[in-house]
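Heads up, query_31.txt below (compact mmCIF, N, CA and C atoms):
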```
# COMPACT_ATOMS: atom_id res chain seq x y z
N MET A 1 69.70 217.04 233.70
CA MET A 1 69.42 216.52 232.38
C MET A 1 68.44 217.48 231.68
N ASN A 2 68.77 217.87 230.46
CA ASN A 2 67.89 218.81 229.76
C ASN A 2 66.76 218.07 229.04
N GLU A 3 65.86 218.83 228.43
CA GLU A 3 64.66 218.27 227.79
C GLU A 3 65.01 217.30 226.67
N VAL A 4 65.99 217.64 225.84
CA VAL A 4 66.38 216.77 224.73
C VAL A 4 66.94 215.46 225.26
N GLN A 5 67.76 215.53 226.27
CA GLN A 5 68.31 214.31 226.86
C GLN A 5 67.21 213.43 227.44
N ARG A 6 66.21 214.05 228.07
CA ARG A 6 65.08 213.29 228.61
C ARG A 6 64.30 212.61 227.48
N GLU A 7 64.10 213.34 226.38
CA GLU A 7 63.39 212.76 225.23
C GLU A 7 64.16 211.54 224.71
N ILE A 8 65.46 211.69 224.57
CA ILE A 8 66.29 210.59 224.07
C ILE A 8 66.20 209.40 225.01
N GLU A 9 66.32 209.64 226.29
CA GLU A 9 66.24 208.55 227.28
C GLU A 9 64.89 207.84 227.19
N GLU A 10 63.83 208.61 227.07
CA GLU A 10 62.48 208.03 226.99
C GLU A 10 62.32 207.19 225.72
N ILE A 11 62.83 207.70 224.60
CA ILE A 11 62.72 206.96 223.34
C ILE A 11 63.53 205.67 223.41
N VAL A 12 64.76 205.75 223.91
CA VAL A 12 65.61 204.56 224.00
C VAL A 12 64.97 203.52 224.91
N LYS A 13 64.46 203.96 226.04
CA LYS A 13 63.81 203.04 226.97
C LYS A 13 62.59 202.38 226.33
N SER A 14 61.77 203.17 225.66
CA SER A 14 60.57 202.64 225.00
C SER A 14 60.94 201.64 223.91
N CYS A 15 61.98 201.95 223.16
CA CYS A 15 62.41 201.07 222.08
C CYS A 15 63.04 199.78 222.62
N ALA A 16 63.67 199.87 223.76
CA ALA A 16 64.24 198.67 224.37
C ALA A 16 63.15 197.69 224.76
N GLU A 17 61.98 198.22 225.06
CA GLU A 17 60.86 197.40 225.50
C GLU A 17 59.91 197.01 224.37
N ASP A 18 60.05 197.62 223.20
CA ASP A 18 59.08 197.42 222.12
C ASP A 18 59.80 197.28 220.78
N GLU A 19 59.78 196.08 220.24
CA GLU A 19 60.48 195.80 218.98
C GLU A 19 59.92 196.63 217.82
N GLU A 20 58.62 196.86 217.83
CA GLU A 20 57.98 197.64 216.76
C GLU A 20 58.50 199.08 216.75
N LEU A 21 58.65 199.68 217.91
CA LEU A 21 59.21 201.04 217.99
C LEU A 21 60.65 201.06 217.49
N ARG A 22 61.42 200.03 217.86
CA ARG A 22 62.80 199.93 217.39
C ARG A 22 62.84 199.89 215.86
N ARG A 23 61.94 199.11 215.29
CA ARG A 23 61.89 199.00 213.83
C ARG A 23 61.59 200.35 213.19
N ILE A 24 60.68 201.10 213.79
CA ILE A 24 60.33 202.43 213.28
C ILE A 24 61.55 203.34 213.30
N VAL A 25 62.29 203.31 214.40
CA VAL A 25 63.49 204.15 214.51
C VAL A 25 64.47 203.82 213.39
N PHE A 26 64.74 202.53 213.20
CA PHE A 26 65.70 202.14 212.17
C PHE A 26 65.18 202.41 210.76
N ASP A 27 63.88 202.26 210.55
CA ASP A 27 63.30 202.59 209.25
C ASP A 27 63.45 204.08 208.94
N LEU A 28 63.16 204.91 209.92
CA LEU A 28 63.34 206.36 209.73
C LEU A 28 64.80 206.70 209.44
N ASN A 29 65.68 206.02 210.12
CA ASN A 29 67.11 206.29 209.94
C ASN A 29 67.59 205.90 208.54
N GLU A 30 66.95 204.90 207.94
CA GLU A 30 67.35 204.45 206.60
C GLU A 30 66.79 205.33 205.48
N MET A 31 65.81 206.15 205.80
CA MET A 31 65.24 207.04 204.78
C MET A 31 66.24 208.11 204.39
N ASP A 32 66.16 208.53 203.13
CA ASP A 32 66.99 209.66 202.73
C ASP A 32 66.28 210.95 203.17
N PRO A 33 66.98 212.08 203.14
CA PRO A 33 66.38 213.33 203.63
C PRO A 33 65.05 213.69 202.96
N ALA A 34 64.92 213.44 201.69
CA ALA A 34 63.66 213.76 200.99
C ALA A 34 62.52 212.88 201.50
N GLN A 35 62.81 211.62 201.74
CA GLN A 35 61.78 210.71 202.27
C GLN A 35 61.37 211.14 203.68
N ARG A 36 62.35 211.53 204.50
CA ARG A 36 62.02 211.98 205.86
C ARG A 36 61.19 213.26 205.82
N LYS A 37 61.48 214.14 204.89
CA LYS A 37 60.71 215.39 204.77
C LYS A 37 59.27 215.07 204.40
N GLU A 38 59.08 214.17 203.46
CA GLU A 38 57.74 213.76 203.05
C GLU A 38 57.02 213.06 204.21
N PHE A 39 57.71 212.20 204.91
CA PHE A 39 57.13 211.51 206.06
C PHE A 39 56.72 212.52 207.13
N SER A 40 57.55 213.54 207.36
CA SER A 40 57.24 214.57 208.34
C SER A 40 55.93 215.29 207.99
N LYS A 41 55.74 215.57 206.72
CA LYS A 41 54.50 216.21 206.28
C LYS A 41 53.30 215.31 206.57
N LYS A 42 53.46 214.01 206.30
CA LYS A 42 52.37 213.07 206.54
C LYS A 42 52.06 212.96 208.03
N VAL A 43 53.10 212.98 208.86
CA VAL A 43 52.90 212.95 210.31
C VAL A 43 52.11 214.17 210.75
N ASP A 44 52.49 215.35 210.25
CA ASP A 44 51.78 216.58 210.61
C ASP A 44 50.31 216.51 210.23
N VAL A 45 50.03 216.05 209.01
CA VAL A 45 48.65 215.96 208.54
C VAL A 45 47.86 214.94 209.38
N TYR A 46 48.46 213.79 209.62
CA TYR A 46 47.77 212.75 210.37
C TYR A 46 47.39 213.21 211.78
N PHE A 47 48.33 213.87 212.46
CA PHE A 47 48.10 214.25 213.85
C PHE A 47 47.43 215.61 214.01
N LEU A 48 47.15 216.30 212.91
CA LEU A 48 46.55 217.63 212.96
C LEU A 48 45.27 217.67 213.78
N SER A 49 44.42 216.69 213.62
CA SER A 49 43.13 216.70 214.32
C SER A 49 43.13 215.82 215.57
N LYS A 50 44.28 215.29 215.93
CA LYS A 50 44.37 214.41 217.10
C LYS A 50 44.68 215.25 218.34
N ASN A 51 44.04 214.91 219.46
CA ASN A 51 44.35 215.65 220.68
C ASN A 51 44.36 214.76 221.92
N ASP A 52 44.27 213.46 221.71
CA ASP A 52 44.38 212.51 222.81
C ASP A 52 45.83 212.51 223.33
N VAL A 53 46.00 212.27 224.60
CA VAL A 53 47.34 212.29 225.21
C VAL A 53 48.28 211.31 224.51
N SER A 54 47.78 210.13 224.20
CA SER A 54 48.64 209.14 223.52
C SER A 54 49.01 209.59 222.12
N ASP A 55 48.11 210.29 221.45
CA ASP A 55 48.42 210.84 220.12
C ASP A 55 49.48 211.93 220.21
N ILE A 56 49.40 212.74 221.23
CA ILE A 56 50.38 213.80 221.42
C ILE A 56 51.76 213.19 221.68
N HIS A 57 51.82 212.13 222.47
CA HIS A 57 53.09 211.44 222.72
C HIS A 57 53.64 210.83 221.43
N ALA A 58 52.76 210.23 220.65
CA ALA A 58 53.19 209.63 219.38
C ALA A 58 53.72 210.70 218.43
N TYR A 59 53.04 211.84 218.37
CA TYR A 59 53.48 212.94 217.52
C TYR A 59 54.87 213.41 217.94
N LYS A 60 55.07 213.61 219.23
CA LYS A 60 56.38 214.04 219.73
C LYS A 60 57.45 213.00 219.42
N PHE A 61 57.10 211.71 219.54
CA PHE A 61 58.03 210.62 219.23
C PHE A 61 58.52 210.75 217.79
N PHE A 62 57.59 210.86 216.85
CA PHE A 62 57.97 210.97 215.44
C PHE A 62 58.75 212.25 215.16
N LYS A 63 58.27 213.37 215.66
CA LYS A 63 58.95 214.64 215.38
C LYS A 63 60.36 214.66 215.97
N SER A 64 60.53 214.07 217.14
CA SER A 64 61.87 214.00 217.73
C SER A 64 62.79 213.16 216.85
N LEU A 65 62.29 212.02 216.39
CA LEU A 65 63.12 211.14 215.58
C LEU A 65 63.39 211.69 214.19
N LEU A 66 62.62 212.64 213.76
CA LEU A 66 62.88 213.27 212.48
C LEU A 66 63.99 214.31 212.57
N GLU A 67 64.40 214.64 213.79
CA GLU A 67 65.55 215.52 213.98
C GLU A 67 66.81 214.67 213.90
N ASP A 68 67.69 215.04 212.97
CA ASP A 68 68.88 214.22 212.70
C ASP A 68 69.70 213.92 213.94
N LYS A 69 69.96 214.93 214.73
CA LYS A 69 70.81 214.75 215.90
C LYS A 69 70.21 213.75 216.90
N ILE A 70 68.93 213.88 217.16
CA ILE A 70 68.26 212.98 218.10
C ILE A 70 68.23 211.56 217.53
N ARG A 71 67.86 211.43 216.26
CA ARG A 71 67.80 210.11 215.63
C ARG A 71 69.17 209.43 215.65
N PHE A 72 70.22 210.18 215.38
CA PHE A 72 71.56 209.61 215.39
C PHE A 72 71.90 209.04 216.76
N ILE A 73 71.65 209.81 217.80
CA ILE A 73 71.96 209.36 219.17
C ILE A 73 71.12 208.15 219.54
N VAL A 74 69.84 208.18 219.23
CA VAL A 74 68.95 207.06 219.57
C VAL A 74 69.40 205.79 218.84
N THR A 75 69.66 205.87 217.55
CA THR A 75 70.06 204.67 216.81
C THR A 75 71.41 204.15 217.31
N TYR A 76 72.31 205.06 217.61
CA TYR A 76 73.62 204.66 218.15
C TYR A 76 73.44 203.89 219.45
N ARG A 77 72.62 204.41 220.33
CA ARG A 77 72.39 203.76 221.63
C ARG A 77 71.65 202.44 221.47
N LEU A 78 70.71 202.37 220.55
CA LEU A 78 69.96 201.13 220.34
C LEU A 78 70.86 200.03 219.75
N LYS A 79 71.75 200.40 218.90
CA LYS A 79 72.66 199.42 218.30
C LYS A 79 73.62 198.88 219.35
N GLY A 80 73.89 199.68 220.37
CA GLY A 80 74.80 199.26 221.43
C GLY A 80 74.16 198.35 222.46
N ARG A 81 72.84 198.21 222.42
CA ARG A 81 72.11 197.38 223.41
C ARG A 81 72.16 195.93 223.03
```
Since I need it in another form, could you write the structure as structure tokens?
Amino acid sequence: MNEVQREIEEIVKSCAEDEELRRIVFDLNEMDPAQRKEFSKKVDVYFLSKNDVSDIHAYKFFKSLLEDKIRFIVTYRLKGR
């Protein structure tokens, strides 16, 4: 299993266990590309000064989901659960 597949598995598993994370995934998926681009900038600014392990995980979570291919697979799998 490659790194992207592991990220997807981790996100799907986390979302299966946490309704709030699931909502975030679906909210991101409903944004249009311009909204996602703006959100990505806000994520970068917010996490710029963060260096806690949990913050790093959260940053990776958001950045992964901002990638269309990953978000598509995650939402597809979550809808199937």
I want to know what sits within 8 Å of range 21-26 of chain A, based on all atoms listed in the file, with residues of the same chain fewer than 6 positions away left out; could you give that as a list in words?
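Counting all atoms listed in the file, the residues come to Ser14, Cys15, Leu65, Arg71, Val74, Thr75 and Leu78 of chain A.
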What would the list of residues within 12 Å of (58.6, 211.1, 206.9) (file frame) look like as a VMD selection string, if only C-alpha atoms are what count?
chain A and resid 24 to 25 27 to 46 59 62 to 67
Expected answer as a ChimeraX atom specification: alpha helix (DSSP H) residues in chain A
/A:3-17,19-30,33-47,53-65,68-79
In Å, how far is it from atom C of Val53 in chain A to CA of Asn2 in chain A?
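Going from atom C of Val53 in chain A over to CA of Asn2 in chain A, I get 21.6 Å.
The two atoms in question, atom N of Phe47 in chain A and atom N of Glu3 in chain A, are spaced 24.2 Å apart.
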Distance in Å - atom N of Gly80 in chain A versus CA of His57 in chain A:
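Computing the Euclidean distance for atom N of Gly80 in chain A and CA of His57 in chain A yields 24.0 Å.
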